[in-house]
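Undergrad: Dropping in structure37.cif, with mmCIF, N, CA and C atoms.
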```cif
data_entry
loop_
_atom_site.label_atom_id
_atom_site.label_comp_id
_atom_site.auth_asym_id
_atom_site.auth_seq_id
_atom_site.Cartn_x
_atom_site.Cartn_y
_atom_site.Cartn_z
N ARG A 1 121.25 65.75 52.24
CA ARG A 1 120.75 66.93 52.92
C ARG A 1 121.86 67.97 53.08
N PHE A 2 123.06 67.52 53.42
CA PHE A 2 124.18 68.44 53.58
C PHE A 2 124.47 69.18 52.27
N GLN A 3 124.48 68.45 51.18
CA GLN A 3 124.76 69.05 49.88
C GLN A 3 123.73 70.12 49.54
N ARG A 4 122.46 69.89 49.84
CA ARG A 4 121.41 70.89 49.58
C ARG A 4 121.62 72.12 50.45
N ALA A 5 122.01 71.91 51.71
CA ALA A 5 122.24 73.03 52.62
C ALA A 5 123.40 73.89 52.14
N VAL A 6 124.47 73.25 51.71
CA VAL A 6 125.63 74.00 51.20
C VAL A 6 125.25 74.75 49.93
N ALA A 7 124.54 74.10 49.04
CA ALA A 7 124.12 74.75 47.79
C ALA A 7 123.24 75.96 48.08
N ALA A 8 122.33 75.84 49.04
CA ALA A 8 121.45 76.96 49.40
C ALA A 8 122.25 78.12 49.99
N ALA A 9 123.28 77.82 50.78
CA ALA A 9 124.09 78.86 51.40
C ALA A 9 124.96 79.59 50.38
N CYS A 10 125.17 78.98 49.22
CA CYS A 10 126.05 79.56 48.20
C CYS A 10 125.31 80.30 47.09
N VAL A 11 123.99 80.36 47.17
CA VAL A 11 123.22 81.06 46.14
C VAL A 11 123.61 82.54 46.15
N ASN A 12 123.92 83.07 45.00
CA ASN A 12 124.33 84.47 44.82
C ASN A 12 125.58 84.83 45.62
N ARG A 13 126.42 83.85 45.89
CA ARG A 13 127.68 84.06 46.60
C ARG A 13 128.81 83.55 45.72
N THR A 14 130.01 84.04 45.98
CA THR A 14 131.17 83.57 45.23
C THR A 14 132.35 83.38 46.18
N PHE A 15 133.17 82.42 45.86
CA PHE A 15 134.37 82.12 46.64
C PHE A 15 135.46 83.12 46.26
N PHE A 16 136.27 83.53 47.23
CA PHE A 16 137.41 84.41 46.92
C PHE A 16 138.60 84.06 47.80
N ILE A 17 139.76 84.48 47.36
CA ILE A 17 140.98 84.40 48.16
C ILE A 17 141.56 85.81 48.19
N SER A 18 141.76 86.35 49.39
CA SER A 18 142.28 87.72 49.51
C SER A 18 143.76 87.76 49.15
N LYS A 19 144.26 88.97 48.99
CA LYS A 19 145.68 89.18 48.68
C LYS A 19 146.56 88.59 49.79
N SER A 20 146.03 88.57 51.02
CA SER A 20 146.77 88.03 52.17
C SER A 20 146.60 86.52 52.31
N GLY A 21 145.80 85.92 51.44
CA GLY A 21 145.63 84.47 51.46
C GLY A 21 144.43 83.96 52.23
N TYR A 22 143.57 84.85 52.72
CA TYR A 22 142.35 84.42 53.40
C TYR A 22 141.32 83.95 52.38
N MET A 23 140.66 82.84 52.69
CA MET A 23 139.59 82.34 51.83
C MET A 23 138.25 82.78 52.39
N GLY A 24 137.31 83.09 51.50
CA GLY A 24 136.01 83.52 51.98
C GLY A 24 134.93 83.36 50.94
N MET A 25 133.73 83.73 51.36
CA MET A 25 132.55 83.75 50.50
C MET A 25 131.96 85.15 50.60
N GLY A 26 131.62 85.71 49.44
CA GLY A 26 131.04 87.04 49.42
C GLY A 26 130.00 87.15 48.33
N PRO A 27 129.40 88.33 48.18
CA PRO A 27 128.38 88.52 47.16
C PRO A 27 128.96 88.34 45.76
N LYS A 28 128.12 87.90 44.84
CA LYS A 28 128.57 87.63 43.46
C LYS A 28 129.20 88.85 42.80
N GLY A 29 128.83 90.05 43.19
CA GLY A 29 129.33 91.25 42.54
C GLY A 29 130.69 91.71 43.00
N LEU A 30 131.37 90.95 43.85
CA LEU A 30 132.67 91.43 44.34
C LEU A 30 133.70 91.42 43.21
N THR A 31 134.67 92.32 43.31
CA THR A 31 135.70 92.42 42.28
C THR A 31 137.07 92.54 42.93
N VAL A 32 138.11 92.31 42.14
CA VAL A 32 139.48 92.49 42.62
C VAL A 32 139.62 93.94 43.08
N GLY A 33 140.19 94.14 44.25
CA GLY A 33 140.37 95.48 44.78
C GLY A 33 139.38 95.85 45.87
N ASP A 34 138.27 95.09 45.99
CA ASP A 34 137.34 95.33 47.09
C ASP A 34 138.07 95.08 48.41
N LEU A 35 137.70 95.80 49.44
CA LEU A 35 138.37 95.72 50.73
C LEU A 35 137.54 94.94 51.73
N ILE A 36 138.19 94.03 52.45
CA ILE A 36 137.55 93.33 53.56
C ILE A 36 137.74 94.22 54.78
N CYS A 37 136.63 94.64 55.38
CA CYS A 37 136.70 95.57 56.51
C CYS A 37 136.02 94.97 57.73
N LEU A 38 136.69 95.11 58.87
CA LEU A 38 136.12 94.71 60.14
C LEU A 38 135.64 95.99 60.82
N VAL A 39 134.35 96.12 60.97
CA VAL A 39 133.75 97.33 61.52
C VAL A 39 133.23 97.02 62.91
N LEU A 40 133.69 97.80 63.90
CA LEU A 40 133.22 97.58 65.26
C LEU A 40 131.70 97.66 65.31
N GLY A 41 131.10 96.68 65.96
CA GLY A 41 129.65 96.63 66.07
C GLY A 41 129.00 95.72 65.04
N CYS A 42 129.73 95.38 63.97
CA CYS A 42 129.20 94.45 62.95
C CYS A 42 129.61 93.03 63.33
N GLU A 43 128.70 92.10 63.13
CA GLU A 43 128.99 90.71 63.47
C GLU A 43 129.79 90.00 62.40
N VAL A 44 129.82 90.53 61.18
CA VAL A 44 130.54 89.90 60.07
C VAL A 44 131.38 90.94 59.36
N PRO A 45 132.45 90.52 58.67
CA PRO A 45 133.23 91.46 57.87
C PRO A 45 132.38 92.03 56.73
N LEU A 46 132.73 93.23 56.30
CA LEU A 46 132.04 93.87 55.18
C LEU A 46 133.01 94.05 54.03
N LEU A 47 132.49 93.99 52.82
CA LEU A 47 133.28 94.28 51.62
C LEU A 47 132.94 95.69 51.17
N LEU A 48 133.97 96.53 51.04
CA LEU A 48 133.78 97.91 50.59
C LEU A 48 134.56 98.11 49.29
N ARG A 49 134.03 98.99 48.45
CA ARG A 49 134.67 99.30 47.16
C ARG A 49 134.90 100.80 47.08
N LYS A 50 136.15 101.20 46.82
CA LYS A 50 136.46 102.63 46.67
C LYS A 50 135.79 103.15 45.41
N ASN A 51 135.15 104.30 45.55
CA ASN A 51 134.45 104.95 44.44
C ASN A 51 134.71 106.45 44.56
N GLY A 52 135.75 106.92 43.90
CA GLY A 52 136.10 108.33 44.03
C GLY A 52 136.63 108.61 45.42
N ASP A 53 136.00 109.57 46.11
CA ASP A 53 136.45 109.94 47.45
C ASP A 53 135.63 109.28 48.55
N HIS A 54 134.86 108.25 48.21
CA HIS A 54 134.09 107.53 49.23
C HIS A 54 134.09 106.03 48.92
N TYR A 55 133.42 105.27 49.74
CA TYR A 55 133.36 103.82 49.58
C TYR A 55 131.92 103.36 49.46
N LEU A 56 131.71 102.33 48.66
CA LEU A 56 130.40 101.72 48.50
C LEU A 56 130.38 100.39 49.24
N LEU A 57 129.27 100.07 49.88
CA LEU A 57 129.11 98.78 50.54
C LEU A 57 128.75 97.75 49.49
N VAL A 58 129.62 96.76 49.30
CA VAL A 58 129.36 95.67 48.36
C VAL A 58 128.47 94.64 49.04
N GLY A 59 128.74 94.37 50.31
CA GLY A 59 127.94 93.41 51.07
C GLY A 59 128.75 92.80 52.20
N GLU A 60 128.12 91.85 52.88
CA GLU A 60 128.81 91.16 53.96
C GLU A 60 129.52 89.94 53.40
N CYS A 61 130.48 89.43 54.16
CA CYS A 61 131.19 88.25 53.70
C CYS A 61 131.56 87.36 54.88
N PHE A 62 131.94 86.16 54.55
CA PHE A 62 132.46 85.20 55.52
C PHE A 62 133.92 84.98 55.14
N VAL A 63 134.82 85.14 56.11
CA VAL A 63 136.24 84.97 55.83
C VAL A 63 136.82 84.02 56.88
N TRP A 64 137.30 82.85 56.41
CA TRP A 64 137.90 81.89 57.32
C TRP A 64 139.11 82.53 57.98
N GLY A 65 139.14 82.51 59.33
CA GLY A 65 140.25 83.08 60.07
C GLY A 65 140.01 84.49 60.55
N LEU A 66 138.88 85.10 60.17
CA LEU A 66 138.57 86.46 60.63
C LEU A 66 137.19 86.55 61.29
N MET A 67 136.54 85.43 61.51
CA MET A 67 135.14 85.46 61.94
C MET A 67 134.96 85.48 63.45
N ASP A 68 135.95 85.08 64.21
CA ASP A 68 135.78 84.97 65.66
C ASP A 68 136.75 85.85 66.43
N GLY A 69 137.00 87.04 65.91
CA GLY A 69 137.86 87.99 66.59
C GLY A 69 139.35 87.76 66.38
N GLU A 70 139.72 86.85 65.48
CA GLU A 70 141.13 86.57 65.27
C GLU A 70 141.90 87.81 64.83
N ALA A 71 141.32 88.62 63.99
CA ALA A 71 142.01 89.82 63.49
C ALA A 71 142.27 90.80 64.62
N MET A 72 141.35 90.91 65.55
CA MET A 72 141.54 91.82 66.68
C MET A 72 142.68 91.33 67.57
N ARG A 73 142.79 90.02 67.73
CA ARG A 73 143.88 89.47 68.53
C ARG A 73 145.22 89.67 67.81
N MET A 74 145.24 89.59 66.47
CA MET A 74 146.47 89.80 65.72
C MET A 74 146.94 91.24 65.85
N LYS A 75 146.00 92.19 65.94
CA LYS A 75 146.31 93.62 66.00
C LYS A 75 147.06 93.96 67.28
N ARG A 76 146.74 93.26 68.37
CA ARG A 76 147.36 93.56 69.67
C ARG A 76 148.76 93.16 69.66
#
```
Have the structure of the file written as structure tokens, please.
TA:
Amino acid sequence: RFQRAVAAACVNRTFFISKSGYMGMGPKGLTVGDLICLVLGCEVPLLLRKNGDHYLLVGECFVWGLMDGEAMRMKR
């Protein structure tokens, strides 16, 4: 049952490791250079992609070590 649950959670998702060494899961379309962004009011980090003078939303992601406010505590 656990294996089926994990497989279902990974559909259309891909594993990544950020330049800073954080491991995460994000949408299949993510590419090198996409930015992990913590946006106030969002419950999960977002992946953004620079496109000219603006950014495109790639999707939401899960990042081990950034999901429970750890990044905000590091900032202080």
Undergrad: I'd like the contact shell of stretch 30-47 of chain A - 10 Å cut-off, only C-alpha atoms, skipping same-chain residues fewer than 5 positions apart - returned as a PDB file with N, CA and C atoms, in the frame of the given file.
TA:
```pdb
ATOM      1  N   ARG A  13     126.420  83.850  45.890  1.00  0.00           N
ATOM      2  CA  ARG A  13     127.680  84.060  46.600  1.00  0.00           C
ATOM      3  C   ARG A  13     128.810  83.550  45.720  1.00  0.00           C
ATOM      4  N   THR A  14     130.010  84.040  45.980  1.00  0.00           N
ATOM      5  CA  THR A  14     131.170  83.570  45.230  1.00  0.00           C
ATOM      6  C   THR A  14     132.350  83.380  46.180  1.00  0.00           C
ATOM      7  N   PHE A  15     133.170  82.420  45.860  1.00  0.00           N
ATOM      8  CA  PHE A  15     134.370  82.120  46.640  1.00  0.00           C
ATOM      9  C   PHE A  15     135.460  83.120  46.260  1.00  0.00           C
ATOM     10  N   PHE A  16     136.270  83.530  47.230  1.00  0.00           N
ATOM     11  CA  PHE A  16     137.410  84.410  46.920  1.00  0.00           C
ATOM     12  C   PHE A  16     138.600  84.060  47.800  1.00  0.00           C
ATOM     13  N   ILE A  17     139.760  84.480  47.360  1.00  0.00           N
ATOM     14  CA  ILE A  17     140.980  84.400  48.160  1.00  0.00           C
ATOM     15  C   ILE A  17     141.560  85.810  48.190  1.00  0.00           C
ATOM     16  N   SER A  18     141.760  86.350  49.390  1.00  0.00           N
ATOM     17  CA  SER A  18     142.280  87.720  49.510  1.00  0.00           C
ATOM     18  C   SER A  18     143.760  87.760  49.150  1.00  0.00           C
ATOM     19  N   LYS A  19     144.260  88.970  48.990  1.00  0.00           N
ATOM     20  CA  LYS A  19     145.680  89.180  48.680  1.00  0.00           C
ATOM     21  C   LYS A  19     146.560  88.590  49.790  1.00  0.00           C
ATOM     22  N   MET A  25     133.730  83.730  51.360  1.00  0.00           N
ATOM     23  CA  MET A  25     132.550  83.750  50.500  1.00  0.00           C
ATOM     24  C   MET A  25     131.960  85.150  50.600  1.00  0.00           C
ATOM     25  N   TYR A  55     133.420 105.270  49.740  1.00  0.00           N
ATOM     26  CA  TYR A  55     133.360 103.820  49.580  1.00  0.00           C
ATOM     27  C   TYR A  55     131.920 103.360  49.460  1.00  0.00           C
ATOM     28  N   LEU A  56     131.710 102.330  48.660  1.00  0.00           N
ATOM     29  CA  LEU A  56     130.400 101.720  48.500  1.00  0.00           C
ATOM     30  C   LEU A  56     130.380 100.390  49.240  1.00  0.00           C
ATOM     31  N   LEU A  57     129.270 100.070  49.880  1.00  0.00           N
ATOM     32  CA  LEU A  57     129.110  98.780  50.540  1.00  0.00           C
ATOM     33  C   LEU A  57     128.750  97.750  49.490  1.00  0.00           C
ATOM     34  N   VAL A  58     129.620  96.760  49.300  1.00  0.00           N
ATOM     35  CA  VAL A  58     129.360  95.670  48.360  1.00  0.00           C
ATOM     36  C   VAL A  58     128.470  94.640  49.040  1.00  0.00           C
ATOM     37  N   GLY A  59     128.740  94.370  50.310  1.00  0.00           N
ATOM     38  CA  GLY A  59     127.940  93.410  51.070  1.00  0.00           C
ATOM     39  C   GLY A  59     128.750  92.800  52.200  1.00  0.00           C
ATOM     40  N   GLU A  60     128.120  91.850  52.880  1.00  0.00           N
ATOM     41  CA  GLU A  60     128.810  91.160  53.960  1.00  0.00           C
ATOM     42  C   GLU A  60     129.520  89.940  53.400  1.00  0.00           C
ATOM     43  N   CYS A  61     130.480  89.430  54.160  1.00  0.00           N
ATOM     44  CA  CYS A  61     131.190  88.250  53.700  1.00  0.00           C
ATOM     45  C   CYS A  61     131.560  87.360  54.880  1.00  0.00           C
ATOM     46  N   PHE A  62     131.940  86.160  54.550  1.00  0.00           N
ATOM     47  CA  PHE A  62     132.460  85.200  55.520  1.00  0.00           C
ATOM     48  C   PHE A  62     133.920  84.980  55.140  1.00  0.00           C
ATOM     49  N   VAL A  63     134.820  85.140  56.110  1.00  0.00           N
ATOM     50  CA  VAL A  63     136.240  84.970  55.830  1.00  0.00           C
ATOM     51  C   VAL A  63     136.820  84.020  56.880  1.00  0.00           C
ATOM     52  N   LEU A  66     138.880  85.100  60.170  1.00  0.00           N
ATOM     53  CA  LEU A  66     138.570  86.460  60.630  1.00  0.00           C
ATOM     54  C   LEU A  66     137.190  86.550  61.290  1.00  0.00           C
ATOM     55  N   MET A  67     136.540  85.430  61.510  1.00  0.00           N
ATOM     56  CA  MET A  67     135.140  85.460  61.940  1.00  0.00           C
ATOM     57  C   MET A  67     134.960  85.480  63.450  1.00  0.00           C
ATOM     58  N   ASP A  68     135.950  85.080  64.210  1.00  0.00           N
ATOM     59  CA  ASP A  68     135.780  84.970  65.660  1.00  0.00           C
ATOM     60  C   ASP A  68     136.750  85.850  66.430  1.00  0.00           C
ATOM     61  N   GLY A  69     137.000  87.040  65.910  1.00  0.00           N
ATOM     62  CA  GLY A  69     137.860  87.990  66.590  1.00  0.00           C
ATOM     63  C   GLY A  69     139.350  87.760  66.380  1.00  0.00           C
ATOM     64  N   ALA A  71     141.320  88.620  63.990  1.00  0.00           N
ATOM     65  CA  ALA A  71     142.010  89.820  63.490  1.00  0.00           C
ATOM     66  C   ALA A  71     142.270  90.800  64.620  1.00  0.00           C
ATOM     67  N   MET A  72     141.350  90.910  65.550  1.00  0.00           N
ATOM     68  CA  MET A  72     141.540  91.820  66.680  1.00  0.00           C
ATOM     69  C   MET A  72     142.680  91.330  67.570  1.00  0.00           C
TER      70      MET A  72
END
```
Undergrad: Distance atom CA of A:His54-atom CA of A:Gly21, one decimal place?
TA: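 If I compute the distance from atom CA of A:His54 to atom CA of A:Gly21, I get 25.9 Å.
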Undergrad: Which distance in Å separates atom CA of A:Gly29 and atom N of A:Asn12, to one decimal?
TA: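 Separating atom CA of A:Gly29 from atom N of A:Asn12 is a distance of 10.1 Å.
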Undergrad: By how many Å are atom C of A:Gly24 and atom C of A:Ala5 apart?
TA: 15.0 Å
